[in-house]
>>> print(open('final_32.txt').read())   # compact mmCIF, N, CA, C and O atoms
# COMPACT_ATOMS: atom_id res chain seq x y z
N MET A 800 12.29 5.09 -12.26
CA MET A 800 11.00 4.44 -12.26
C MET A 800 9.92 5.54 -12.21
O MET A 800 9.99 6.45 -11.40
N SER A 801 8.95 5.43 -13.08
CA SER A 801 7.86 6.41 -13.11
C SER A 801 6.92 6.18 -11.92
O SER A 801 6.95 5.13 -11.27
N ARG A 802 6.08 7.16 -11.65
CA ARG A 802 5.10 7.04 -10.57
C ARG A 802 4.17 5.85 -10.81
O ARG A 802 3.87 5.10 -9.88
N LEU A 803 3.71 5.70 -12.04
CA LEU A 803 2.82 4.59 -12.36
C LEU A 803 3.52 3.25 -12.16
O LEU A 803 2.95 2.33 -11.56
N SER A 804 4.75 3.15 -12.62
CA SER A 804 5.52 1.91 -12.43
C SER A 804 5.73 1.62 -10.95
O SER A 804 5.64 0.47 -10.51
N PHE A 805 6.00 2.66 -10.17
CA PHE A 805 6.20 2.50 -8.74
C PHE A 805 4.94 1.99 -8.05
O PHE A 805 4.98 1.06 -7.25
N LYS A 806 3.80 2.59 -8.39
CA LYS A 806 2.53 2.15 -7.78
C LYS A 806 2.21 0.71 -8.18
O LYS A 806 1.80 -0.09 -7.33
N THR A 807 2.45 0.39 -9.44
CA THR A 807 2.22 -0.98 -9.91
C THR A 807 3.14 -1.96 -9.19
O THR A 807 2.70 -3.03 -8.74
N PHE A 808 4.41 -1.59 -9.05
CA PHE A 808 5.38 -2.41 -8.33
C PHE A 808 4.91 -2.66 -6.89
O PHE A 808 4.94 -3.79 -6.41
N CYS A 809 4.47 -1.60 -6.23
CA CYS A 809 4.03 -1.72 -4.83
C CYS A 809 2.80 -2.63 -4.72
O CYS A 809 2.72 -3.45 -3.80
N ILE A 810 1.87 -2.49 -5.64
CA ILE A 810 0.68 -3.34 -5.63
C ILE A 810 1.07 -4.80 -5.81
O ILE A 810 0.62 -5.67 -5.05
N GLU A 811 1.90 -5.08 -6.80
CA GLU A 811 2.31 -6.46 -7.07
C GLU A 811 3.09 -7.06 -5.91
O GLU A 811 2.86 -8.20 -5.51
N LYS A 812 4.03 -6.30 -5.37
CA LYS A 812 4.86 -6.81 -4.27
C LYS A 812 4.02 -6.99 -3.00
O LYS A 812 4.23 -7.96 -2.25
N TYR A 813 3.09 -6.09 -2.73
CA TYR A 813 2.24 -6.23 -1.56
C TYR A 813 1.32 -7.44 -1.71
O TYR A 813 1.09 -8.18 -0.75
N ALA A 814 0.84 -7.67 -2.92
CA ALA A 814 0.01 -8.85 -3.18
C ALA A 814 0.81 -10.13 -2.92
O ALA A 814 0.30 -11.07 -2.28
N ASP A 815 2.06 -10.15 -3.35
CA ASP A 815 2.93 -11.31 -3.07
C ASP A 815 3.17 -11.44 -1.57
O ASP A 815 3.12 -12.54 -1.03
N HIS A 816 3.44 -10.32 -0.92
CA HIS A 816 3.72 -10.30 0.52
C HIS A 816 2.56 -10.86 1.34
O HIS A 816 2.77 -11.59 2.30
N LYS A 817 1.33 -10.54 0.93
CA LYS A 817 0.14 -10.97 1.67
C LYS A 817 -0.54 -12.18 1.05
O LYS A 817 -1.54 -12.66 1.58
N SER A 818 -0.01 -12.66 -0.07
CA SER A 818 -0.59 -13.81 -0.79
C SER A 818 -2.05 -13.57 -1.15
O SER A 818 -2.92 -14.43 -0.91
N ILE A 819 -2.32 -12.40 -1.73
CA ILE A 819 -3.67 -12.08 -2.20
C ILE A 819 -3.56 -11.55 -3.63
O ILE A 819 -2.48 -11.23 -4.10
N LEU A 820 -4.69 -11.48 -4.30
CA LEU A 820 -4.71 -11.02 -5.68
C LEU A 820 -4.34 -9.54 -5.77
O LEU A 820 -4.75 -8.74 -4.93
N SER A 821 -3.60 -9.19 -6.82
CA SER A 821 -3.21 -7.79 -6.99
C SER A 821 -4.43 -6.91 -7.22
O SER A 821 -4.44 -5.74 -6.80
N SER A 822 -5.49 -7.44 -7.82
CA SER A 822 -6.71 -6.64 -8.00
C SER A 822 -7.35 -6.31 -6.66
O SER A 822 -7.88 -5.21 -6.47
N ASP A 823 -7.26 -7.23 -5.70
CA ASP A 823 -7.78 -6.97 -4.35
C ASP A 823 -6.90 -5.95 -3.62
O ASP A 823 -7.41 -5.11 -2.89
N VAL A 824 -5.60 -6.03 -3.83
CA VAL A 824 -4.70 -5.05 -3.23
C VAL A 824 -4.99 -3.66 -3.79
O VAL A 824 -5.05 -2.69 -3.04
N TYR A 825 -5.20 -3.58 -5.10
CA TYR A 825 -5.51 -2.28 -5.70
C TYR A 825 -6.76 -1.68 -5.05
O TYR A 825 -6.76 -0.51 -4.67
N LYS A 826 -7.80 -2.47 -4.92
CA LYS A 826 -9.04 -1.98 -4.30
C LYS A 826 -8.80 -1.54 -2.85
O LYS A 826 -9.30 -0.51 -2.42
N LEU A 827 -8.03 -2.32 -2.12
CA LEU A 827 -7.69 -1.99 -0.74
C LEU A 827 -6.89 -0.69 -0.67
O LEU A 827 -7.16 0.17 0.17
N PHE A 828 -5.94 -0.54 -1.57
CA PHE A 828 -5.11 0.67 -1.61
C PHE A 828 -5.93 1.90 -1.96
O PHE A 828 -5.75 2.97 -1.38
N VAL A 829 -6.85 1.77 -2.91
CA VAL A 829 -7.70 2.91 -3.28
C VAL A 829 -8.61 3.28 -2.10
O VAL A 829 -8.71 4.45 -1.73
N LYS A 830 -9.25 2.28 -1.51
CA LYS A 830 -10.19 2.50 -0.41
C LYS A 830 -9.54 3.19 0.78
O LYS A 830 -10.16 4.02 1.44
N ASN A 831 -8.28 2.88 1.04
CA ASN A 831 -7.60 3.39 2.23
C ASN A 831 -6.59 4.51 1.95
O ASN A 831 -5.82 4.88 2.82
N GLY A 832 -6.61 5.04 0.73
CA GLY A 832 -5.76 6.18 0.40
C GLY A 832 -4.30 5.86 0.14
O GLY A 832 -3.47 6.77 0.05
N ILE A 833 -3.98 4.59 0.01
CA ILE A 833 -2.59 4.19 -0.21
C ILE A 833 -2.12 4.61 -1.61
O ILE A 833 -0.98 5.09 -1.76
N ILE A 834 -2.97 4.47 -2.61
CA ILE A 834 -2.59 4.88 -3.96
C ILE A 834 -2.22 6.36 -3.97
O ILE A 834 -1.20 6.75 -4.54
N GLN A 835 -3.03 7.18 -3.32
CA GLN A 835 -2.75 8.61 -3.26
C GLN A 835 -1.46 8.89 -2.50
O GLN A 835 -0.66 9.72 -2.90
N MET A 836 -1.25 8.16 -1.40
CA MET A 836 -0.02 8.33 -0.62
C MET A 836 1.21 7.98 -1.45
O MET A 836 2.21 8.69 -1.43
N LEU A 837 1.13 6.88 -2.21
CA LEU A 837 2.25 6.47 -3.05
C LEU A 837 2.55 7.53 -4.11
O LEU A 837 3.72 7.76 -4.44
N ASP A 838 1.51 8.17 -4.60
CA ASP A 838 1.70 9.23 -5.58
C ASP A 838 2.24 10.50 -4.92
O ASP A 838 3.22 11.08 -5.39
N ASP A 839 1.62 10.90 -3.81
CA ASP A 839 2.04 12.13 -3.11
C ASP A 839 3.47 12.04 -2.57
O ASP A 839 4.21 13.01 -2.60
N ASP A 840 3.83 10.88 -2.05
CA ASP A 840 5.14 10.70 -1.40
C ASP A 840 6.14 9.95 -2.28
O ASP A 840 7.14 9.42 -1.79
N TYR A 841 5.88 9.92 -3.57
CA TYR A 841 6.73 9.20 -4.51
C TYR A 841 8.20 9.58 -4.37
O TYR A 841 9.07 8.70 -4.31
N GLU A 842 8.48 10.87 -4.32
CA GLU A 842 9.88 11.32 -4.26
C GLU A 842 10.61 10.76 -3.05
O GLU A 842 11.80 10.46 -3.13
N ILE A 843 9.92 10.59 -1.96
CA ILE A 843 10.52 10.06 -0.73
C ILE A 843 10.58 8.54 -0.78
O ILE A 843 11.62 7.94 -0.51
N LEU A 844 9.46 7.92 -1.13
CA LEU A 844 9.33 6.47 -1.01
C LEU A 844 10.09 5.66 -2.05
O LEU A 844 10.59 4.58 -1.74
N HIS A 845 10.20 6.14 -3.28
CA HIS A 845 10.78 5.30 -4.32
C HIS A 845 12.26 5.04 -4.09
O HIS A 845 12.81 4.10 -4.66
N GLY A 846 12.89 5.80 -3.23
CA GLY A 846 14.30 5.57 -2.93
C GLY A 846 14.53 4.62 -1.77
O GLY A 846 15.66 4.20 -1.52
N HIS A 847 13.47 4.25 -1.07
CA HIS A 847 13.58 3.35 0.08
C HIS A 847 13.44 1.91 -0.37
O HIS A 847 12.88 1.62 -1.42
N GLY A 848 13.89 1.02 0.48
CA GLY A 848 13.73 -0.40 0.22
C GLY A 848 12.27 -0.81 0.35
O GLY A 848 11.48 -0.14 1.01
N PHE A 849 11.94 -1.91 -0.29
CA PHE A 849 10.55 -2.35 -0.27
C PHE A 849 10.07 -2.67 1.14
O PHE A 849 8.92 -2.43 1.47
N GLU A 850 10.96 -3.17 2.00
CA GLU A 850 10.56 -3.49 3.37
C GLU A 850 10.08 -2.24 4.10
O GLU A 850 9.12 -2.28 4.87
N TYR A 851 10.72 -1.12 3.85
CA TYR A 851 10.32 0.16 4.45
C TYR A 851 8.93 0.56 3.96
O TYR A 851 8.07 0.95 4.75
N VAL A 852 8.72 0.46 2.65
CA VAL A 852 7.43 0.84 2.06
C VAL A 852 6.33 -0.08 2.58
O VAL A 852 5.25 0.38 2.95
N ILE A 853 6.61 -1.39 2.62
CA ILE A 853 5.64 -2.35 3.14
C ILE A 853 5.29 -2.02 4.59
O ILE A 853 4.13 -2.08 4.99
N GLY A 854 6.29 -1.66 5.38
CA GLY A 854 6.05 -1.29 6.78
C GLY A 854 5.11 -0.10 6.89
O GLY A 854 4.19 -0.10 7.72
N ASP A 855 5.33 0.92 6.05
CA ASP A 855 4.44 2.09 6.04
C ASP A 855 3.02 1.69 5.65
O ASP A 855 2.05 2.12 6.28
N ILE A 856 2.90 0.90 4.60
CA ILE A 856 1.58 0.48 4.13
C ILE A 856 0.87 -0.34 5.20
O ILE A 856 -0.30 -0.11 5.50
N ASP A 857 1.59 -1.28 5.81
CA ASP A 857 0.98 -2.09 6.88
C ASP A 857 0.53 -1.22 8.05
O ASP A 857 -0.56 -1.43 8.60
N GLN A 858 1.33 -0.23 8.42
CA GLN A 858 0.94 0.67 9.51
C GLN A 858 -0.33 1.42 9.18
O GLN A 858 -1.23 1.54 10.01
N ILE A 859 -0.41 1.94 7.98
CA ILE A 859 -1.60 2.69 7.57
C ILE A 859 -2.82 1.78 7.55
O ILE A 859 -3.88 2.13 8.08
N LEU A 860 -2.68 0.61 6.96
CA LEU A 860 -3.81 -0.30 6.88
C LEU A 860 -4.23 -0.80 8.26
O LEU A 860 -5.42 -0.94 8.54
N ASN A 861 -3.26 -1.05 9.14
CA ASN A 861 -3.60 -1.48 10.49
C ASN A 861 -4.33 -0.39 11.26
O ASN A 861 -5.22 -0.67 12.06
N SER A 862 -3.99 0.86 11.02
CA SER A 862 -4.67 1.96 11.71
C SER A 862 -6.07 2.18 11.16
O SER A 862 -6.91 2.78 11.83
N CYS A 863 -6.35 1.68 9.96
CA CYS A 863 -7.67 1.81 9.35
C CYS A 863 -8.63 0.71 9.80
O CYS A 863 -9.83 0.81 9.58
N GLN A 864 -8.10 -0.33 10.41
CA GLN A 864 -8.91 -1.46 10.82
C GLN A 864 -9.81 -1.08 12.01
O GLN A 864 -9.37 -0.42 12.94
N ILE A 865 -11.05 -1.52 11.96
CA ILE A 865 -11.97 -1.32 13.07
C ILE A 865 -11.88 -2.56 13.95
O ILE A 865 -12.06 -3.68 13.48
N PRO A 866 -11.56 -2.36 15.24
CA PRO A 866 -11.48 -3.53 16.12
C PRO A 866 -12.79 -4.31 16.14
O PRO A 866 -13.86 -3.73 16.05
N GLU A 867 -12.69 -5.64 16.23
CA GLU A 867 -13.85 -6.52 16.24
C GLU A 867 -14.88 -6.10 17.28
O GLU A 867 -16.06 -6.08 17.00
N ASN A 868 -14.43 -5.76 18.50
CA ASN A 868 -15.36 -5.44 19.57
C ASN A 868 -15.99 -4.05 19.42
O ASN A 868 -16.88 -3.69 20.16
N SER A 869 -15.57 -3.27 18.42
CA SER A 869 -16.14 -1.94 18.19
C SER A 869 -17.15 -1.92 17.07
O SER A 869 -17.75 -0.91 16.78
N ARG A 870 -17.33 -3.06 16.41
CA ARG A 870 -18.26 -3.11 15.28
C ARG A 870 -19.67 -3.21 15.79
O ARG A 870 -19.95 -3.87 16.79
N PRO A 871 -20.61 -2.57 15.04
CA PRO A 871 -22.03 -2.62 15.46
C PRO A 871 -22.62 -3.99 15.32
O PRO A 871 -22.22 -4.83 14.63
>>> encode(input="final_32.txt", output="structure tokens")
Amino acid sequence: MSRLSFKTFCIEKYADHKSILSSDVYKLFVKNGIIQMLDDDYEILHGHGFEYVIGDIDQILNSCQIPENSRP
């Protein structure tokens, strides 16, 4: 699987996982550096199961969230 195919696969599967549009997932991934991570860590990640990759993505996105009580 090429890097582009892998990133596309991850976007589509994450969109299914969260029941959101793949275009919204793409924007979320770009904004939070997930697209770059998928490219940089392709050699490691493409051999893992999707559940593992989803877990990594969820961890990164959860760490990027600003708690409600910390917002201005």
>>> residues_near_point(input="final_32.txt", point="(-5.5, 3.1, 4.5)", cutoff="7 Å", atoms="only C-alpha atoms", output="list of chain:residue names")
A:Phe828, A:Lys830, A:Asn831, A:Gly832, A:Ile833, A:Ile859, A:Leu860, A:Cys863
>>> atom_distance(input="final_32.txt", atom1="atom O of Ser801 in chain A", atom2="atom O of Ser818 in chain A")
24.2 Å
>>> select_by_dssp(input="final_32.txt", residues="chain A", states="alpha helix (DSSP H)", output="ChimeraX atom specification")
/A:802-817,821-830,833-839,841-844,849-863
>>> atom_distance(input="final_32.txt", atom1="atom C of Met836 in chain A", atom2="atom N of Tyr851 in chain A")
14.2 Å
>>> atom_distance(input="final_32.txt", atom1="atom N of His847 in chain A", atom2="CA of Gln835 in chain A")
16.9 Å
>>> residues_around(input="final_32.txt", residues="His816 in chain A", least_positions_apart="2", cutoff="12 Å", atoms="only C-alpha atoms", output="count of residues only")
19
